[in-house]
>>> print(open('start.txt').read())   # compact mmCIF, N, CA and C atoms
# COMPACT_ATOMS: atom_id res chain seq x y z
N LEU Q 20 99.38 272.51 28.66
CA LEU Q 20 99.49 273.40 27.52
C LEU Q 20 98.83 272.81 26.27
N VAL Q 21 98.97 271.50 26.10
CA VAL Q 21 98.34 270.84 24.95
C VAL Q 21 96.83 270.96 25.05
N TRP Q 22 96.32 270.81 26.26
CA TRP Q 22 94.88 270.96 26.47
C TRP Q 22 94.42 272.35 26.09
N ARG Q 23 95.21 273.37 26.41
CA ARG Q 23 94.88 274.75 26.06
C ARG Q 23 94.88 274.94 24.54
N MET Q 24 95.84 274.31 23.86
CA MET Q 24 95.89 274.39 22.39
C MET Q 24 94.61 273.81 21.79
N GLU Q 25 94.19 272.67 22.32
CA GLU Q 25 92.96 272.04 21.80
C GLU Q 25 91.74 272.91 22.07
N LEU Q 26 91.67 273.51 23.24
CA LEU Q 26 90.55 274.41 23.53
C LEU Q 26 90.53 275.60 22.56
N ASP Q 27 91.69 276.18 22.29
CA ASP Q 27 91.77 277.29 21.35
C ASP Q 27 91.29 276.87 19.97
N ILE Q 28 91.71 275.69 19.52
CA ILE Q 28 91.30 275.19 18.21
C ILE Q 28 89.79 274.93 18.18
N GLN Q 29 89.25 274.36 19.25
CA GLN Q 29 87.81 274.09 19.30
C GLN Q 29 87.00 275.39 19.28
N MET Q 30 87.45 276.41 19.98
CA MET Q 30 86.77 277.72 19.93
C MET Q 30 86.86 278.30 18.52
N PHE Q 31 88.00 278.14 17.88
CA PHE Q 31 88.19 278.59 16.51
C PHE Q 31 87.24 277.86 15.56
N LEU Q 32 87.10 276.55 15.72
CA LEU Q 32 86.19 275.78 14.87
C LEU Q 32 84.74 276.20 15.06
N ASN Q 33 84.37 276.56 16.27
CA ASN Q 33 82.99 276.94 16.56
C ASN Q 33 82.65 278.36 16.13
N ASN Q 34 83.64 279.14 15.74
CA ASN Q 34 83.42 280.51 15.30
C ASN Q 34 83.39 280.56 13.77
N ALA Q 35 82.21 280.63 13.21
CA ALA Q 35 82.06 280.61 11.75
C ALA Q 35 82.64 281.87 11.09
N ASP Q 36 82.76 282.96 11.82
CA ASP Q 36 83.28 284.21 11.25
C ASP Q 36 84.80 284.22 11.15
N GLN Q 37 85.47 283.37 11.88
CA GLN Q 37 86.92 283.35 11.91
C GLN Q 37 87.43 282.25 10.98
N GLN Q 38 88.25 282.62 10.00
CA GLN Q 38 88.75 281.65 9.03
C GLN Q 38 90.20 281.24 9.27
N HIS Q 39 90.93 282.01 10.06
CA HIS Q 39 92.30 281.61 10.39
C HIS Q 39 92.57 281.88 11.87
N PHE Q 40 93.57 281.19 12.38
CA PHE Q 40 93.92 281.28 13.79
C PHE Q 40 95.44 281.31 13.91
N GLU Q 41 95.93 282.10 14.84
CA GLU Q 41 97.37 282.21 15.07
C GLU Q 41 97.68 281.69 16.47
N PHE Q 42 98.50 280.63 16.53
CA PHE Q 42 98.94 280.13 17.82
C PHE Q 42 99.85 281.16 18.47
N GLN Q 43 99.85 281.17 19.79
CA GLN Q 43 100.77 282.03 20.52
C GLN Q 43 102.21 281.63 20.23
N HIS Q 44 103.14 282.48 20.55
CA HIS Q 44 104.56 282.16 20.38
C HIS Q 44 104.96 281.07 21.37
N PHE Q 45 105.64 280.06 20.89
CA PHE Q 45 106.08 278.97 21.76
C PHE Q 45 107.58 279.04 21.94
N PRO Q 46 108.06 278.88 23.17
CA PRO Q 46 109.49 279.02 23.45
C PRO Q 46 110.35 277.85 23.00
N SER Q 47 109.75 276.71 22.67
CA SER Q 47 110.57 275.56 22.29
C SER Q 47 110.07 274.94 20.99
N SER Q 48 110.97 274.27 20.31
CA SER Q 48 110.60 273.61 19.06
C SER Q 48 109.65 272.45 19.33
N TYR Q 49 109.73 271.85 20.51
CA TYR Q 49 108.81 270.76 20.86
C TYR Q 49 107.37 271.27 20.90
N LEU Q 50 107.14 272.42 21.54
CA LEU Q 50 105.78 272.98 21.60
C LEU Q 50 105.29 273.41 20.23
N GLN Q 51 106.18 273.86 19.38
CA GLN Q 51 105.81 274.18 18.01
C GLN Q 51 105.37 272.92 17.27
N LEU Q 52 106.09 271.83 17.48
CA LEU Q 52 105.71 270.55 16.88
C LEU Q 52 104.34 270.10 17.38
N VAL Q 53 104.08 270.26 18.66
CA VAL Q 53 102.78 269.88 19.23
C VAL Q 53 101.67 270.71 18.58
N ALA Q 54 101.89 272.00 18.39
CA ALA Q 54 100.88 272.85 17.74
C ALA Q 54 100.59 272.36 16.33
N HIS Q 55 101.63 271.98 15.59
CA HIS Q 55 101.43 271.43 14.25
C HIS Q 55 100.62 270.14 14.30
N ARG Q 56 100.91 269.29 15.27
CA ARG Q 56 100.19 268.02 15.40
C ARG Q 56 98.73 268.23 15.78
N VAL Q 57 98.46 269.19 16.63
CA VAL Q 57 97.07 269.50 16.99
C VAL Q 57 96.31 269.96 15.75
N ALA Q 58 96.91 270.85 14.97
CA ALA Q 58 96.27 271.32 13.73
C ALA Q 58 96.06 270.18 12.76
N GLN Q 59 97.03 269.30 12.66
CA GLN Q 59 96.91 268.15 11.77
C GLN Q 59 95.80 267.21 12.24
N HIS Q 60 95.66 267.08 13.54
CA HIS Q 60 94.63 266.21 14.13
C HIS Q 60 93.22 266.65 13.71
N TYR Q 61 93.04 267.96 13.51
CA TYR Q 61 91.75 268.51 13.10
C TYR Q 61 91.67 268.74 11.59
N ASN Q 62 92.65 268.27 10.83
CA ASN Q 62 92.69 268.42 9.36
C ASN Q 62 92.67 269.87 8.92
N MET Q 63 93.55 270.67 9.47
CA MET Q 63 93.65 272.09 9.12
C MET Q 63 94.89 272.35 8.28
N GLN Q 64 94.81 273.38 7.46
CA GLN Q 64 95.97 273.86 6.72
C GLN Q 64 96.83 274.66 7.69
N LYS Q 65 98.13 274.46 7.66
CA LYS Q 65 99.01 275.19 8.58
C LYS Q 65 100.19 275.79 7.84
N MET Q 66 100.73 276.86 8.43
CA MET Q 66 101.85 277.55 7.83
C MET Q 66 102.67 278.19 8.94
N VAL Q 67 103.97 278.23 8.75
CA VAL Q 67 104.85 278.92 9.69
C VAL Q 67 105.27 280.23 9.06
N GLN Q 68 105.08 281.31 9.82
CA GLN Q 68 105.48 282.63 9.34
C GLN Q 68 106.65 283.09 10.18
N ASP Q 69 107.78 283.31 9.54
CA ASP Q 69 108.99 283.71 10.24
C ASP Q 69 108.97 285.21 10.48
N ASN Q 70 109.09 285.60 11.74
CA ASN Q 70 109.10 287.01 12.12
C ASN Q 70 110.42 287.37 12.79
N ALA Q 71 111.52 286.89 12.24
CA ALA Q 71 112.83 287.11 12.84
C ALA Q 71 113.19 288.60 12.90
N LEU Q 72 112.66 289.39 11.98
CA LEU Q 72 113.01 290.81 11.95
C LEU Q 72 112.47 291.57 13.14
N ASP Q 73 111.33 291.16 13.67
CA ASP Q 73 110.76 291.89 14.82
C ASP Q 73 111.07 291.21 16.16
N GLY Q 74 111.90 290.17 16.14
CA GLY Q 74 112.31 289.52 17.38
C GLY Q 74 111.27 288.60 17.99
N GLN Q 75 110.19 288.35 17.30
CA GLN Q 75 109.11 287.53 17.83
C GLN Q 75 109.31 286.04 17.55
N GLY Q 76 110.28 285.69 16.73
CA GLY Q 76 110.44 284.29 16.35
C GLY Q 76 109.47 283.95 15.24
N SER Q 77 108.95 282.74 15.23
CA SER Q 77 108.01 282.34 14.18
C SER Q 77 106.62 282.13 14.76
N LYS Q 78 105.62 282.31 13.89
CA LYS Q 78 104.22 282.12 14.26
C LYS Q 78 103.67 280.93 13.50
N ILE Q 79 102.74 280.23 14.10
CA ILE Q 79 102.06 279.12 13.43
C ILE Q 79 100.64 279.57 13.15
N LEU Q 80 100.30 279.62 11.88
CA LEU Q 80 98.97 280.02 11.44
C LEU Q 80 98.24 278.80 10.91
N VAL Q 81 96.94 278.71 11.21
CA VAL Q 81 96.13 277.60 10.69
C VAL Q 81 94.86 278.16 10.05
N TRP Q 82 94.36 277.43 9.04
CA TRP Q 82 93.14 277.78 8.32
C TRP Q 82 92.20 276.60 8.31
N LYS Q 83 90.93 276.91 8.30
CA LYS Q 83 89.91 275.88 8.15
C LYS Q 83 89.88 275.44 6.69
N LEU Q 84 89.67 274.16 6.48
CA LEU Q 84 89.50 273.58 5.16
C LEU Q 84 88.13 272.90 5.12
N PRO Q 85 87.64 272.56 3.93
CA PRO Q 85 86.35 271.84 3.87
C PRO Q 85 86.37 270.53 4.67
N GLU Q 86 87.53 269.89 4.76
CA GLU Q 86 87.61 268.62 5.50
C GLU Q 86 87.97 268.81 6.98
N THR Q 87 88.08 270.06 7.45
CA THR Q 87 88.35 270.32 8.86
C THR Q 87 87.15 269.90 9.70
N LYS Q 88 87.41 269.11 10.74
CA LYS Q 88 86.32 268.63 11.58
C LYS Q 88 86.89 268.13 12.91
N TYR Q 89 85.98 267.91 13.84
CA TYR Q 89 86.38 267.28 15.10
C TYR Q 89 86.78 265.84 14.81
N PRO Q 90 87.88 265.37 15.38
CA PRO Q 90 88.31 263.99 15.13
C PRO Q 90 87.38 262.99 15.79
N VAL Q 91 87.31 261.81 15.21
CA VAL Q 91 86.52 260.73 15.78
C VAL Q 91 87.28 260.19 17.00
N VAL Q 92 86.57 260.04 18.08
CA VAL Q 92 87.20 259.55 19.30
C VAL Q 92 86.99 258.05 19.42
>>> encode(input="start.txt", output="structure tokens")
Amino acid sequence: LVWRMELDIQMFLNNADQQHFEFQHFPSSYLQLVAHRVAQHYNMQKMVQDNALDGQGSKILVWKLPETKYPVV
């Protein structure tokens, strides 16, 4: 699943027309933490949007910043 998160972020980074990305709903707080860490790894702005009213739980949204880049390996 972590590998899939990284692939989604890399596709997002390669798409110049897309400025924000929404992670899928994650069933556990651990997977939500991993999504935050992946976004942090790429130096992205992140935000949690609570959707408790529609039963969807919370969403993790990320935005590209000027310092967003592929990490040095």
>>> atom_distance(input="start.txt", atom1="atom CA of Lys65 of chain Q", atom2="atom CA of Phe42 of chain Q")
10.5 Å
>>> closest_residue(input="start.txt", among="Q:Val53, Q:Ala35, Q:Val21, Q:Met66", to="Ile79 of chain Q", atoms="all atoms listed in the file")
Q:Met66
>>> residues_near_point(input="start.txt", point="(84.3, 265.8, 18.4)", cutoff="12 Å", atoms="only C-alpha atoms", output="list in words")
Glu25, Leu26, Ile28, Gln29, Leu32, Asn33, His60, Tyr61, Thr87, Lys88, Tyr89, Pro90, Val91 and Val92 of chain Q
>>> residues_near_point(input="start.txt", point="(105.9, 281.9, 9.2)", cutoff="8 Å", atoms="only N, CA and C atoms", output="count of residues only")
10
>>> residues_around(input="start.txt", residues="Gln64 of chain Q", least_positions_apart="2", cutoff="6 Å", atoms="all atoms listed in the file", output="JSON list (two decimals) with N, CA and C atoms, in the frame of the given file")
[["chain", "number", "residue", "atom", "x", "y", "z"],
["Q", 62, "ASN", "N", 92.65, 268.27, 10.83],
["Q", 62, "ASN", "CA", 92.69, 268.42, 9.36],
["Q", 62, "ASN", "C", 92.67, 269.87, 8.92],
["Q", 66, "MET", "N", 100.73, 276.86, 8.43],
["Q", 66, "MET", "CA", 101.85, 277.55, 7.83],
["Q", 66, "MET", "C", 102.67, 278.19, 8.94],
["Q", 80, "LEU", "N", 100.30, 279.62, 11.88],
["Q", 80, "LEU", "CA", 98.97, 280.02, 11.44],
["Q", 80, "LEU", "C", 98.24, 278.80, 10.91],
["Q", 81, "VAL", "N", 96.94, 278.71, 11.21],
["Q", 81, "VAL", "CA", 96.13, 277.60, 10.69],
["Q", 81, "VAL", "C", 94.86, 278.16, 10.05],
["Q", 82, "TRP", "N", 94.36, 277.43, 9.04],
["Q", 82, "TRP", "CA", 93.14, 277.78, 8.32],
["Q", 82, "TRP", "C", 92.20, 276.60, 8.31],
["Q", 83, "LYS", "N", 90.93, 276.91, 8.30],
["Q", 83, "LYS", "CA", 89.91, 275.88, 8.15],
["Q", 83, "LYS", "C", 89.88, 275.44, 6.69],
["Q", 84, "LEU", "N", 89.67, 274.16, 6.48],
["Q", 84, "LEU", "CA", 89.50, 273.58, 5.16],
["Q", 84, "LEU", "C", 88.13, 272.90, 5.12]]
>>> decode(input="start.txt", residues="segment 40-91 of chain Q", atoms="C-alpha atoms", output="CSV table (one decimal), in the first residue's frame")
chain,number,residue,atom,x,y,z
Q,40,PHE,CA,-4.2,15.5,-4.7
Q,41,GLU,CA,-6.6,13.7,-2.5
Q,42,PHE,CA,-5.5,10.4,-0.9
Q,43,GLN,CA,-8.1,7.7,-0.8
Q,44,HIS,CA,-9.9,7.0,2.4
Q,45,PHE,CA,-7.8,4.9,4.8
Q,46,PRO,CA,-9.4,2.6,7.3
Q,47,SER,CA,-6.8,3.0,10.0
Q,48,SER,CA,-5.0,5.8,11.7
Q,49,TYR,CA,-1.7,4.1,10.9
Q,50,LEU,CA,-2.3,4.3,7.1
Q,51,GLN,CA,-3.3,7.9,7.5
Q,52,LEU,CA,0.0,8.6,9.3
Q,53,VAL,CA,1.9,6.8,6.5
Q,54,ALA,CA,0.1,9.1,3.9
Q,55,HIS,CA,1.2,12.1,5.9
Q,56,ARG,CA,4.8,10.8,6.0
Q,57,VAL,CA,4.8,10.2,2.3
Q,58,ALA,CA,3.7,13.7,1.6
Q,59,GLN,CA,6.3,15.1,4.0
Q,60,HIS,CA,8.9,13.0,2.3
Q,61,TYR,CA,8.2,14.9,-0.9
Q,62,ASN,CA,8.0,18.3,0.9
Q,63,MET,CA,4.3,18.9,0.2
Q,64,GLN,CA,1.7,20.9,2.0
Q,65,LYS,CA,-0.9,18.7,3.6
Q,66,MET,CA,-4.3,19.1,5.2
Q,67,VAL,CA,-6.9,16.8,6.8
Q,68,GLN,CA,-10.5,17.5,5.8
Q,69,ASP,CA,-13.0,16.1,8.2
Q,70,ASN,CA,-16.1,14.7,6.4
Q,71,ALA,CA,-17.9,13.2,9.4
Q,72,LEU,CA,-21.2,14.5,8.1
Q,73,ASP,CA,-21.3,12.4,5.0
Q,74,GLY,CA,-19.9,9.2,6.7
Q,75,GLN,CA,-16.7,9.2,4.7
Q,76,GLY,CA,-14.4,9.9,7.6
Q,77,SER,CA,-11.5,12.3,6.9
Q,78,LYS,CA,-9.6,13.0,3.7
Q,79,ILE,CA,-5.9,13.8,3.3
Q,80,LEU,CA,-5.3,16.6,0.8
Q,81,VAL,CA,-1.8,17.6,-0.5
Q,82,TRP,CA,-0.6,20.5,-2.5
Q,83,LYS,CA,2.6,21.1,-4.4
Q,84,LEU,CA,4.9,23.8,-3.1
Q,85,PRO,CA,7.9,25.5,-4.7
Q,86,GLU,CA,10.2,23.2,-2.6
Q,87,THR,CA,8.3,20.0,-3.6
Q,88,LYS,CA,10.6,17.6,-5.3
Q,89,TYR,CA,11.7,14.0,-5.6
Q,90,PRO,CA,13.8,13.1,-2.5
Q,91,VAL,CA,17.5,12.4,-2.8
